[in-house]
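What's in entry.pdb: PDB, C-alpha atoms and all ligand atoms
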```
ATOM      1  CA  SER A   5       2.877  -5.226  17.663  1.00  0.00           C
ATOM      2  CA  THR A   6       5.376  -3.843  15.170  1.00  0.00           C
ATOM      3  CA  THR A   7       8.468  -5.985  14.835  1.00  0.00           C
ATOM      4  CA  THR A   8      10.857  -5.450  11.921  1.00  0.00           C
ATOM      5  CA  ASN A   9       9.290  -8.168   9.812  1.00  0.00           C
ATOM      6  CA  HIS A  10       5.656  -7.653  10.653  1.00  0.00           C
ATOM      7  CA  ILE A  11       3.894  -5.632   7.959  1.00  0.00           C
ATOM      8  CA  ARG A  12       0.290  -4.415   7.904  1.00  0.00           C
ATOM      9  CA  LEU A  13      -1.179  -3.697   4.480  1.00  0.00           C
ATOM     10  CA  MET A  14      -4.523  -2.490   3.232  1.00  0.00           C
ATOM     11  CA  VAL A  15      -5.806  -2.958  -0.312  1.00  0.00           C
ATOM     12  CA  VAL A  16      -8.176  -0.196  -1.427  1.00  0.00           C
ATOM     13  CA  GLY A  17      -9.919   0.880  -4.623  1.00  0.00           C
ATOM     14  CA  GLN A  18     -13.285   1.239  -6.283  1.00  0.00           C
ATOM     15  CA  GLU A  19     -15.765  -1.625  -6.080  1.00  0.00           C
ATOM     16  CA  GLY A  20     -15.016  -4.388  -8.579  1.00  0.00           C
ATOM     17  CA  VAL A  21     -11.454  -3.370  -9.531  1.00  0.00           C
ATOM     18  CA  GLY A  22     -10.207  -6.777  -8.396  1.00  0.00           C
ATOM     19  CA  LYS A  23      -8.861  -6.185  -4.872  1.00  0.00           C
ATOM     20  CA  SER A  24      -9.897  -9.622  -3.594  1.00  0.00           C
ATOM     21  CA  ALA A  25      -8.739 -11.309  -6.805  1.00  0.00           C
ATOM     22  CA  LEU A  26      -5.270  -9.761  -6.435  1.00  0.00           C
ATOM     23  CA  ILE A  27      -4.930 -10.710  -2.757  1.00  0.00           C
ATOM     24  CA  VAL A  28      -6.033 -14.293  -3.380  1.00  0.00           C
ATOM     25  CA  LYS A  29      -3.700 -14.558  -6.379  1.00  0.00           C
ATOM     26  CA  TYR A  30      -0.816 -13.349  -4.213  1.00  0.00           C
ATOM     27  CA  LEU A  31      -1.624 -15.734  -1.358  1.00  0.00           C
ATOM     28  CA  THR A  32      -2.489 -18.835  -3.360  1.00  0.00           C
ATOM     29  CA  GLY A  33      -1.143 -18.288  -6.886  1.00  0.00           C
ATOM     30  CA  ARG A  34      -4.662 -18.878  -8.228  1.00  0.00           C
ATOM     31  CA  PHE A  35      -7.259 -16.698  -9.890  1.00  0.00           C
ATOM     32  CA  ILE A  36     -10.713 -17.219  -8.475  1.00  0.00           C
ATOM     33  CA  SER A  37     -13.277 -15.250 -10.408  1.00  0.00           C
ATOM     34  CA  GLU A  38     -15.987 -14.662  -7.792  1.00  0.00           C
ATOM     35  CA  TYR A  39     -15.580 -13.734  -4.138  1.00  0.00           C
ATOM     36  CA  GLN A  40     -17.966 -13.064  -1.334  1.00  0.00           C
ATOM     37  CA  SER A  41     -17.538  -9.330  -0.801  1.00  0.00           C
ATOM     38  CA  ASP A  42     -20.041  -8.597   1.941  1.00  0.00           C
ATOM     39  CA  PHE A  43     -17.485  -8.987   4.757  1.00  0.00           C
ATOM     40  CA  ASP A  44     -14.169  -7.411   5.739  1.00  0.00           C
ATOM     41  CA  TRP A  45     -11.343  -9.923   5.357  1.00  0.00           C
ATOM     42  CA  LYS A  46      -8.026  -9.907   7.146  1.00  0.00           C
ATOM     43  CA  TYR A  47      -5.418 -12.319   5.792  1.00  0.00           C
ATOM     44  CA  SER A  48      -2.295 -13.414   7.609  1.00  0.00           C
ATOM     45  CA  TYR A  49       0.622 -14.601   5.500  1.00  0.00           C
ATOM     46  CA  GLN A  50       4.271 -15.573   5.958  1.00  0.00           C
ATOM     47  CA  THR A  51       6.652 -15.083   3.069  1.00  0.00           C
ATOM     48  CA  ASN A  52      10.265 -14.432   2.192  1.00  0.00           C
ATOM     49  CA  ILE A  53      11.276 -11.178   0.525  1.00  0.00           C
ATOM     50  CA  GLU A  54      14.917 -10.864  -0.506  1.00  0.00           C
ATOM     51  CA  GLY A  55      15.997 -13.413   2.115  1.00  0.00           C
ATOM     52  CA  GLU A  56      13.962 -11.815   4.935  1.00  0.00           C
ATOM     53  CA  GLN A  57      11.085 -13.648   6.616  1.00  0.00           C
ATOM     54  CA  VAL A  58       8.062 -11.359   6.557  1.00  0.00           C
ATOM     55  CA  HIS A  59       4.788 -11.800   8.406  1.00  0.00           C
ATOM     56  CA  MET A  60       2.145  -9.878   6.555  1.00  0.00           C
ATOM     57  CA  GLU A  61      -1.396  -8.976   7.475  1.00  0.00           C
ATOM     58  CA  ILE A  62      -3.577  -7.778   4.615  1.00  0.00           C
ATOM     59  CA  ILE A  63      -6.976  -6.140   4.940  1.00  0.00           C
ATOM     60  CA  ASP A  64      -9.511  -6.402   2.145  1.00  0.00           C
ATOM     61  CA  SER A  65     -12.268  -4.260   3.462  1.00  0.00           C
ATOM     62  CA  LEU A  66     -15.742  -3.451   2.330  1.00  0.00           C
ATOM     63  CA  THR A  67     -15.550   0.139   3.497  1.00  0.00           C
ATOM     64  CA  ILE A  68     -12.460   2.242   4.155  1.00  0.00           C
ATOM     65  CA  ASP A  69     -12.953   2.904   7.834  1.00  0.00           C
ATOM     66  CA  ASP A  70     -10.763   5.078  10.049  1.00  0.00           C
ATOM     67  CA  THR A  71      -9.615   2.226  12.286  1.00  0.00           C
ATOM     68  CA  HIS A  72      -8.197   0.349   9.312  1.00  0.00           C
ATOM     69  CA  ILE A  73      -6.558   3.485   7.898  1.00  0.00           C
ATOM     70  CA  VAL A  74      -4.762   4.080  11.177  1.00  0.00           C
ATOM     71  CA  TRP A  75      -3.905   0.377  11.533  1.00  0.00           C
ATOM     72  CA  ALA A  76      -2.230  -0.027   8.123  1.00  0.00           C
ATOM     73  CA  GLU A  77       1.353   0.886   7.313  1.00  0.00           C
ATOM     74  CA  GLY A  78       1.154   0.426   3.560  1.00  0.00           C
ATOM     75  CA  PHE A  79      -1.679   0.979   1.083  1.00  0.00           C
ATOM     76  CA  MET A  80      -2.184  -0.698  -2.257  1.00  0.00           C
ATOM     77  CA  MET A  81      -4.408   1.589  -4.374  1.00  0.00           C
ATOM     78  CA  VAL A  82      -5.945  -0.570  -7.080  1.00  0.00           C
ATOM     79  CA  TYR A  83      -7.612   0.666 -10.261  1.00  0.00           C
ATOM     80  CA  ASP A  84      -8.946  -1.180 -13.288  1.00  0.00           C
ATOM     81  CA  VAL A  85      -7.385  -0.312 -16.671  1.00  0.00           C
ATOM     82  CA  THR A  86     -10.804  -0.692 -18.322  1.00  0.00           C
ATOM     83  CA  ASN A  87     -12.466   1.797 -15.990  1.00  0.00           C
ATOM     84  CA  GLN A  88     -11.572   5.530 -15.977  1.00  0.00           C
ATOM     85  CA  ASP A  89     -13.692   6.180 -12.874  1.00  0.00           C
ATOM     86  CA  SER A  90     -11.576   3.767 -10.884  1.00  0.00           C
ATOM     87  CA  LEU A  91      -8.511   5.932 -11.571  1.00  0.00           C
ATOM     88  CA  LEU A  92     -10.337   9.076 -10.411  1.00  0.00           C
ATOM     89  CA  LYS A  93     -11.423   7.173  -7.291  1.00  0.00           C
ATOM     90  CA  ILE A  94      -7.756   6.784  -6.327  1.00  0.00           C
ATOM     91  CA  GLU A  95      -7.431  10.555  -5.836  1.00  0.00           C
ATOM     92  CA  GLN A  96     -10.523  10.611  -3.613  1.00  0.00           C
ATOM     93  CA  ILE A  97      -9.207   7.704  -1.550  1.00  0.00           C
ATOM     94  CA  LYS A  98      -5.813   9.416  -1.179  1.00  0.00           C
ATOM     95  CA  GLU A  99      -7.516  12.565   0.168  1.00  0.00           C
ATOM     96  CA  ARG A 100      -9.456  10.437   2.646  1.00  0.00           C
ATOM     97  CA  LEU A 101      -6.310   8.610   3.814  1.00  0.00           C
ATOM     98  CA  ASP A 102      -4.454  11.924   4.190  1.00  0.00           C
ATOM     99  CA  SER A 103      -7.261  13.422   6.241  1.00  0.00           C
ATOM    100  CA  VAL A 104      -7.261  10.497   8.679  1.00  0.00           C
ATOM    101  CA  ARG A 105      -3.502  10.023   8.907  1.00  0.00           C
ATOM    102  CA  SER A 106      -2.613  13.771   8.834  1.00  0.00           C
ATOM    103  CA  THR A 107       0.740  13.558  10.605  1.00  0.00           C
ATOM    104  CA  LYS A 108       1.697  10.015   9.641  1.00  0.00           C
ATOM    105  CA  ILE A 109       3.664   9.276   6.470  1.00  0.00           C
ATOM    106  CA  LEU A 110       1.543   7.574   3.834  1.00  0.00           C
ATOM    107  CA  THR A 111       3.301   4.660   2.169  1.00  0.00           C
ATOM    108  CA  MET A 112       1.467   3.562  -0.920  1.00  0.00           C
ATOM    109  CA  ILE A 113       1.702   2.058  -4.368  1.00  0.00           C
ATOM    110  CA  MET A 114      -0.713   2.342  -7.318  1.00  0.00           C
ATOM    111  CA  VAL A 115      -1.603  -0.948  -8.982  1.00  0.00           C
ATOM    112  CA  ALA A 116      -3.294  -1.282 -12.359  1.00  0.00           C
ATOM    113  CA  ASN A 117      -5.351  -4.478 -12.586  1.00  0.00           C
ATOM    114  CA  LYS A 118      -7.029  -6.348 -15.478  1.00  0.00           C
ATOM    115  CA  THR A 119      -4.256  -5.762 -18.029  1.00  0.00           C
ATOM    116  CA  ASP A 120      -5.415  -9.016 -19.668  1.00  0.00           C
ATOM    117  CA  MET A 121      -8.357  -6.899 -20.966  1.00  0.00           C
ATOM    118  CA  GLU A 122      -6.047  -4.802 -23.164  1.00  0.00           C
ATOM    119  CA  HIS A 123      -8.713  -4.566 -25.892  1.00  0.00           C
ATOM    120  CA  CYS A 124     -11.023  -2.759 -23.426  1.00  0.00           C
ATOM    121  CA  ARG A 125      -8.356  -0.494 -21.920  1.00  0.00           C
ATOM    122  CA  THR A 126      -9.460   3.105 -21.310  1.00  0.00           C
ATOM    123  CA  VAL A 127      -6.728   4.178 -18.880  1.00  0.00           C
ATOM    124  CA  SER A 128      -3.366   4.705 -20.595  1.00  0.00           C
ATOM    125  CA  ARG A 129      -0.103   3.895 -18.870  1.00  0.00           C
ATOM    126  CA  GLU A 130       0.981   7.553 -19.310  1.00  0.00           C
ATOM    127  CA  GLN A 131      -2.175   8.907 -17.673  1.00  0.00           C
ATOM    128  CA  ALA A 132      -1.756   6.655 -14.643  1.00  0.00           C
ATOM    129  CA  ASP A 133       2.001   7.366 -14.485  1.00  0.00           C
ATOM    130  CA  ALA A 134       1.188  11.089 -14.320  1.00  0.00           C
ATOM    131  CA  LEU A 135      -1.154  10.506 -11.369  1.00  0.00           C
ATOM    132  CA  ALA A 136       1.445   8.328  -9.605  1.00  0.00           C
ATOM    133  CA  ALA A 137       4.018  11.108 -10.054  1.00  0.00           C
ATOM    134  CA  ARG A 138       1.571  13.635  -8.596  1.00  0.00           C
ATOM    135  CA  LEU A 139       0.891  11.372  -5.615  1.00  0.00           C
ATOM    136  CA  SER A 140       4.629  10.568  -5.290  1.00  0.00           C
ATOM    137  CA  CYS A 141       4.170   6.815  -5.318  1.00  0.00           C
ATOM    138  CA  GLY A 142       5.192   3.799  -7.372  1.00  0.00           C
ATOM    139  CA  HIS A 143       2.975   2.399 -10.119  1.00  0.00           C
ATOM    140  CA  VAL A 144       2.870  -1.176 -11.388  1.00  0.00           C
ATOM    141  CA  GLU A 145       0.613  -2.990 -13.838  1.00  0.00           C
ATOM    142  CA  CYS A 146      -0.659  -6.546 -13.527  1.00  0.00           C
ATOM    143  CA  SER A 147      -3.589  -8.866 -13.921  1.00  0.00           C
ATOM    144  CA  ALA A 148      -5.057 -11.112 -11.257  1.00  0.00           C
ATOM    145  CA  CYS A 149      -5.622 -13.700 -13.951  1.00  0.00           C
ATOM    146  CA  GLY A 150      -2.213 -13.157 -15.548  1.00  0.00           C
ATOM    147  CA  PRO A 151       1.313 -14.137 -14.463  1.00  0.00           C
ATOM    148  CA  GLU A 152       1.692 -14.673 -10.717  1.00  0.00           C
ATOM    149  CA  ALA A 153       5.114 -12.958 -10.784  1.00  0.00           C
ATOM    150  CA  GLU A 154       3.546  -9.581 -11.697  1.00  0.00           C
ATOM    151  CA  VAL A 155       1.126  -9.703  -8.753  1.00  0.00           C
ATOM    152  CA  ARG A 156       3.888 -10.919  -6.437  1.00  0.00           C
ATOM    153  CA  PHE A 157       6.071  -8.010  -7.586  1.00  0.00           C
ATOM    154  CA  ALA A 158       3.319  -5.483  -6.723  1.00  0.00           C
ATOM    155  CA  PHE A 159       2.926  -6.762  -3.129  1.00  0.00           C
ATOM    156  CA  ASP A 160       6.682  -7.214  -2.610  1.00  0.00           C
ATOM    157  CA  GLU A 161       7.281  -3.679  -3.891  1.00  0.00           C
ATOM    158  CA  LEU A 162       4.807  -2.286  -1.341  1.00  0.00           C
ATOM    159  CA  CYS A 163       6.558  -4.249   1.441  1.00  0.00           C
ATOM    160  CA  ARG A 164       9.901  -2.786   0.338  1.00  0.00           C
ATOM    161  CA  GLU A 165       8.382   0.724   0.447  1.00  0.00           C
ATOM    162  CA  VAL A 166       7.115   0.091   3.977  1.00  0.00           C
ATOM    163  CA  ALA A 167      10.560  -1.163   5.061  1.00  0.00           C
ATOM    164  CA  LEU A 168      12.167   1.939   3.508  1.00  0.00           C
ATOM    165  CA  ALA A 169       9.702   4.286   5.238  1.00  0.00           C
ATOM    166  CA  ARG A 170      10.511   2.594   8.574  1.00  0.00           C
ATOM    167  CA  GLN A 171      14.249   3.073   8.025  1.00  0.00           C
ATOM    168  CA  GLN A 172      13.728   6.737   7.122  1.00  0.00           C
ATOM    169  CA  SER A 173      11.574   7.433  10.156  1.00  0.00           C
ATOM    170  CA  ALA A 174      14.078   5.614  12.427  1.00  0.00           C
ATOM    171  CA  LYS A 175      16.883   7.815  11.004  1.00  0.00           C
ATOM    172  CA  LYS A 176      14.765  10.938  11.520  1.00  0.00           C
ATOM    173  CA  ARG A 177      14.075   9.927  15.147  1.00  0.00           C
ATOM    174  CA  GLU A 178      17.803   9.285  15.659  1.00  0.00           C
ATOM    175  CA  ARG A 179      18.724  12.723  14.210  1.00  0.00           C
ATOM    176  CA  ARG A 180      16.118  14.404  16.454  1.00  0.00           C
ATOM    177  CA  ARG A 181      17.452  12.495  19.483  1.00  0.00           C
ATOM    178  CA  SER A 182      21.053  13.458  18.734  1.00  0.00           C
ATOM    179  CA  SER A 183      20.296  17.169  18.174  1.00  0.00           C
ATOM    180  CA  LEU A 184      18.270  17.228  21.416  1.00  0.00           C
ATOM    181  CA  SER A 185      21.201  15.720  23.284  1.00  0.00           C
ATOM    182  CA  GLN A 186      23.541  18.366  21.762  1.00  0.00           C
ATOM    183  CA  VAL A 187      21.201  21.123  22.994  1.00  0.00           C
ATOM    184  CA  ARG A 188      21.149  19.539  26.474  1.00  0.00           C
ATOM    185  CA  GLN A 189      24.947  19.280  26.447  1.00  0.00           C
ATOM    186  CA  GLY A 190      25.239  22.992  25.484  1.00  0.00           C
ATOM    187  CA  LEU A 191      22.825  24.044  28.235  1.00  0.00           C
ATOM    188  CA  LYS A 192      24.740  21.985  30.800  1.00  0.00           C
ATOM    189  CA  MET A 193      28.029  23.700  29.837  1.00  0.00           C
ATOM    190  CA  LEU A 194      26.398  27.136  30.058  1.00  0.00           C
ATOM    191  CA  VAL A 195      25.112  26.366  33.543  1.00  0.00           C
ATOM    192  CA  GLN A 196      28.503  24.978  34.623  1.00  0.00           C
ATOM    193  CA  THR A 197      30.482  27.984  33.337  1.00  0.00           C
ATOM    194  CA  GLY A 198      27.831  30.367  34.676  1.00  0.00           C
ATOM    195  CA  LYS A 199      27.592  32.151  31.341  1.00  0.00           C
TER     196      LYS A 199
HETATM  197  N1  LIG B 201     -10.449 -10.071 -16.650  1.00  0.00           N
HETATM  198  C1  LIG B 201     -10.159  -9.878 -15.368  1.00  0.00           C
HETATM  199  N2  LIG B 201     -11.128  -9.903 -14.447  1.00  0.00           N
HETATM  200  C2  LIG B 201     -10.773  -9.698 -13.159  1.00  0.00           C
HETATM  201  C3  LIG B 201      -9.435  -9.465 -12.762  1.00  0.00           C
HETATM  202  N3  LIG B 201      -9.418  -9.289 -11.422  1.00  0.00           N
HETATM  203  C4  LIG B 201     -10.690  -9.407 -11.021  1.00  0.00           C
HETATM  204  N4  LIG B 201     -11.514  -9.661 -12.051  1.00  0.00           N
HETATM  205  C5  LIG B 201     -12.967  -9.803 -12.010  1.00  0.00           C
HETATM  206  O1  LIG B 201     -13.537  -8.573 -11.554  1.00  0.00           O
HETATM  207  C6  LIG B 201     -14.654  -8.805 -10.704  1.00  0.00           C
HETATM  208  C7  LIG B 201     -14.436  -8.107  -9.360  1.00  0.00           C
HETATM  209  O2  LIG B 201     -13.336  -8.727  -8.709  1.00  0.00           O
HETATM  210  P1  LIG B 201     -13.138  -8.642  -7.127  1.00  0.00           P
HETATM  211  O3  LIG B 201     -11.855  -9.240  -6.788  1.00  0.00           O
HETATM  212  O4  LIG B 201     -14.358  -9.162  -6.425  1.00  0.00           O
HETATM  213  O5  LIG B 201     -13.100  -7.052  -6.971  1.00  0.00           O
HETATM  214  P2  LIG B 201     -13.108  -6.215  -5.628  1.00  0.00           P
HETATM  215  O6  LIG B 201     -12.376  -4.964  -5.916  1.00  0.00           O
HETATM  216  O7  LIG B 201     -12.608  -7.032  -4.486  1.00  0.00           O
HETATM  217  O8  LIG B 201     -14.656  -5.933  -5.481  1.00  0.00           O
HETATM  218  P3  LIG B 201     -15.461  -5.451  -4.144  1.00  0.00           P
HETATM  219  O9  LIG B 201     -15.105  -6.387  -3.038  1.00  0.00           O
HETATM  220  O10 LIG B 201     -16.898  -5.548  -4.564  1.00  0.00           O
HETATM  221  O11 LIG B 201     -15.059  -4.040  -3.892  1.00  0.00           O
HETATM  222  C8  LIG B 201     -14.805 -10.316 -10.577  1.00  0.00           C
HETATM  223  O12 LIG B 201     -15.766 -10.742 -11.504  1.00  0.00           O
HETATM  224  C9  LIG B 201     -13.431 -10.853 -10.981  1.00  0.00           C
HETATM  225  O13 LIG B 201     -13.497 -12.125 -11.571  1.00  0.00           O
HETATM  226  C10 LIG B 201      -8.427  -9.442 -13.781  1.00  0.00           C
HETATM  227  O14 LIG B 201      -7.229  -9.226 -13.547  1.00  0.00           O
HETATM  228  N5  LIG B 201      -8.856  -9.648 -15.058  1.00  0.00           N
END
```
Could you spell out this file's structure in structure tokens?
Amino acid sequence: STTTNHIRLMVVGQEGVGKSALIVKYLTGRFISEYQSDFDWKYSYQTNIEGEQVHMEIIDSLTIDDTHIVWAEGFMMVYDVTNQDSLLKIEQIKERLDSVRSTKILTMIMVANKTDMEHCRTVSREQADALAARLSCGHVECSACGPEAEVRFAFDELCREVALARQQSAKKRERRRSSLSQVRQGLKMLVQTGK
């Protein structure tokens, strides 16, 4: 069911980048350092974003399977600032999402995690910004064990992107509907005038 305030999100990224840590921080405000990661988790959460009540469902999945890719409306692509491979993995994941969703618009945001480990950073902000520009998506930095506001901003930003994508596709549908009705109108007049 897709009502205006019902949003389905999926958090993806290389193993160990902190997907579960970010989700739990967002939902509870707490950093829990170890999670059981041998199951798929689906969280259900009610929140308020800019005065709007939002019911969110968030998938933290072990594998990125097709059913989940089709199910989700928004994707949070997480990488770890101390791990170059995790940034490269984002490109691979994007290709996989594109191949499954082919015709559907992909709404996504790139999230850098573990910024508290600045001394071990191997991925520069500029390098990740360049990838985000190439993938045409937003990019935010945070830490699951840092300020809650940063993590909250990342999830809220993705929800705003999803809401924007919905508005744009509703406008597109409306434009298509109105040009179809103009064509029908024109055909009707042609038939009536016999020309
Ligand atoms: N320093 C630091 N450690 C973090 C942060 N986020 C997660 N971790 C640690 O990174 C490890 C992996 O975190 P998870 O949340 O399990 O990562 P995941 O991406 O869900 O991992 P999988 O479920 O195995 O794919 C754990 O030891 C966490 O405590 C962070 O922001 N800073």
At a cut-off of 6 Å and counting all atoms listed in the file, what residues surround ligand LIG 201 (chain B)? Please answer as a PDB file with C-alpha atoms, in the coordinates of the input.
```
ATOM      1  CA  GLU A  19     -15.765  -1.625  -6.080  1.00  0.00           C
ATOM      2  CA  GLY A  20     -15.016  -4.388  -8.579  1.00  0.00           C
ATOM      3  CA  VAL A  21     -11.454  -3.370  -9.531  1.00  0.00           C
ATOM      4  CA  GLY A  22     -10.207  -6.777  -8.396  1.00  0.00           C
ATOM      5  CA  LYS A  23      -8.861  -6.185  -4.872  1.00  0.00           C
ATOM      6  CA  SER A  24      -9.897  -9.622  -3.594  1.00  0.00           C
ATOM      7  CA  ALA A  25      -8.739 -11.309  -6.805  1.00  0.00           C
ATOM      8  CA  SER A  37     -13.277 -15.250 -10.408  1.00  0.00           C
ATOM      9  CA  GLU A  38     -15.987 -14.662  -7.792  1.00  0.00           C
ATOM     10  CA  TYR A  39     -15.580 -13.734  -4.138  1.00  0.00           C
ATOM     11  CA  SER A  41     -17.538  -9.330  -0.801  1.00  0.00           C
ATOM     12  CA  ASN A 117      -5.351  -4.478 -12.586  1.00  0.00           C
ATOM     13  CA  LYS A 118      -7.029  -6.348 -15.478  1.00  0.00           C
ATOM     14  CA  ASP A 120      -5.415  -9.016 -19.668  1.00  0.00           C
ATOM     15  CA  MET A 121      -8.357  -6.899 -20.966  1.00  0.00           C
ATOM     16  CA  SER A 147      -3.589  -8.866 -13.921  1.00  0.00           C
ATOM     17  CA  ALA A 148      -5.057 -11.112 -11.257  1.00  0.00           C
ATOM     18  CA  CYS A 149      -5.622 -13.700 -13.951  1.00  0.00           C
TER      19      CYS A 149
END
```
Produce the centre coordinates and the three edge lengths, each in Å to one decimal, of the box along x, y and z that contains all listed atoms of region 168-181 of chain A with 8 Å added on each side, as JSON.
```
{"center_x": 14.2, "center_y": 8.2, "center_z": 11.5, "size_x": 25.0, "size_y": 28.5, "size_z": 32.0}
```
Residue nearest Ile97 (chain A) among A:Gly17, A:Gly190, A:Pro151, A:Gly55 (counting all atoms listed in the file) =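 Smallest distance to Ile97 (chain A) is found for A:Gly17.
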Nearest residue to Lys98 (chain A) from the set A:Ser128, A:Thr111, A:Gln50, A:Ser183 (distances using all atoms listed in the file) =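 Residue with the minimum atom-to-atom distance to Lys98 (chain A): A:Thr111.
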Run the PyMOL selection byres (((chain A and resi 153-158) around 10) and not hetatm) against the file shown and list the residues it catches, as a ChimeraX atom specification.
-> /A:26-27,29-31,33,80,113-117,142-152,159-163
Have a look at CA of His72 (chain A) and CA of Cys141 (chain A) and let me know their distance in Å, one decimal.
-> 20.2 Å
Grab the CA of Gly78 (chain A) to CA of Arg129 (chain A) distance for me, in Å with one decimal place.
->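 Atom-to-atom, CA of Gly78 (chain A) to CA of Arg129 (chain A), that is 22.7 Å.
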Skip His59 (chain A) itself and residues of its chain fewer than 3 positions away, then list as a list in words all residues within 10 Å of it, counting only C-alpha atoms.
->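 Selected residues are Thr7, Thr8, Asn9, His10, Ile11, Arg12, Ser48, Tyr49, Gln50, Thr51, Asn52 and Glu56 of chain A.
Checking A:Ile94, A:Met193, A:Val28, A:Leu101 one by one against Trp75 (chain A), counting only C-alpha atoms, you find the shortest gap at A:Leu101.
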Using only C-alpha atoms and a cutoff of 12 Å, can you tell me which residues are near (-1.2, -0.4, 6.6) in the file's coordinates, and write them out as a PDB file with C-alpha atoms, in the frame of the given file?
```
ATOM      1  CA  THR A   6       5.376  -3.843  15.170  1.00  0.00           C
ATOM      2  CA  HIS A  10       5.656  -7.653  10.653  1.00  0.00           C
ATOM      3  CA  ILE A  11       3.894  -5.632   7.959  1.00  0.00           C
ATOM      4  CA  ARG A  12       0.290  -4.415   7.904  1.00  0.00           C
ATOM      5  CA  LEU A  13      -1.179  -3.697   4.480  1.00  0.00           C
ATOM      6  CA  MET A  14      -4.523  -2.490   3.232  1.00  0.00           C
ATOM      7  CA  VAL A  15      -5.806  -2.958  -0.312  1.00  0.00           C
ATOM      8  CA  VAL A  16      -8.176  -0.196  -1.427  1.00  0.00           C
ATOM      9  CA  LYS A  46      -8.026  -9.907   7.146  1.00  0.00           C
ATOM     10  CA  MET A  60       2.145  -9.878   6.555  1.00  0.00           C
ATOM     11  CA  GLU A  61      -1.396  -8.976   7.475  1.00  0.00           C
ATOM     12  CA  ILE A  62      -3.577  -7.778   4.615  1.00  0.00           C
ATOM     13  CA  ILE A  63      -6.976  -6.140   4.940  1.00  0.00           C
ATOM     14  CA  ASP A  64      -9.511  -6.402   2.145  1.00  0.00           C
ATOM     15  CA  ILE A  68     -12.460   2.242   4.155  1.00  0.00           C
ATOM     16  CA  ASP A  70     -10.763   5.078  10.049  1.00  0.00           C
ATOM     17  CA  THR A  71      -9.615   2.226  12.286  1.00  0.00           C
ATOM     18  CA  HIS A  72      -8.197   0.349   9.312  1.00  0.00           C
ATOM     19  CA  ILE A  73      -6.558   3.485   7.898  1.00  0.00           C
ATOM     20  CA  VAL A  74      -4.762   4.080  11.177  1.00  0.00           C
ATOM     21  CA  TRP A  75      -3.905   0.377  11.533  1.00  0.00           C
ATOM     22  CA  ALA A  76      -2.230  -0.027   8.123  1.00  0.00           C
ATOM     23  CA  GLU A  77       1.353   0.886   7.313  1.00  0.00           C
ATOM     24  CA  GLY A  78       1.154   0.426   3.560  1.00  0.00           C
ATOM     25  CA  PHE A  79      -1.679   0.979   1.083  1.00  0.00           C
ATOM     26  CA  MET A  80      -2.184  -0.698  -2.257  1.00  0.00           C
ATOM     27  CA  MET A  81      -4.408   1.589  -4.374  1.00  0.00           C
ATOM     28  CA  LEU A 101      -6.310   8.610   3.814  1.00  0.00           C
ATOM     29  CA  ARG A 105      -3.502  10.023   8.907  1.00  0.00           C
ATOM     30  CA  LYS A 108       1.697  10.015   9.641  1.00  0.00           C
ATOM     31  CA  ILE A 109       3.664   9.276   6.470  1.00  0.00           C
ATOM     32  CA  LEU A 110       1.543   7.574   3.834  1.00  0.00           C
ATOM     33  CA  THR A 111       3.301   4.660   2.169  1.00  0.00           C
ATOM     34  CA  MET A 112       1.467   3.562  -0.920  1.00  0.00           C
ATOM     35  CA  ILE A 113       1.702   2.058  -4.368  1.00  0.00           C
ATOM     36  CA  LEU A 162       4.807  -2.286  -1.341  1.00  0.00           C
ATOM     37  CA  CYS A 163       6.558  -4.249   1.441  1.00  0.00           C
ATOM     38  CA  GLU A 165       8.382   0.724   0.447  1.00  0.00           C
ATOM     39  CA  VAL A 166       7.115   0.091   3.977  1.00  0.00           C
ATOM     40  CA  ALA A 167      10.560  -1.163   5.061  1.00  0.00           C
ATOM     41  CA  ALA A 169       9.702   4.286   5.238  1.00  0.00           C
TER      42      ALA A 169
END
```
In Å to one decimal, how far is CA of Gln171 (chain A) from CA of Ala132 (chain A)?
->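 These two atoms are separated by 28.0 Å.
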Name the closest residue to Val104 (chain A) among the candidates A:Ala174, A:Arg179, A:Asp69, A:Asp44; distances are taken between atoms, counting all atoms listed in the file.
->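 Looking at the shortest contact to Val104 (chain A), the residue is A:Asp69.
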Neighbour list for region 125-127 of chain A as a ChimeraX atom specification, cut-off 10 Å, only C-alpha atoms, skip fewer than 5 positions in-chain | /A:83-91,116,118-120,132
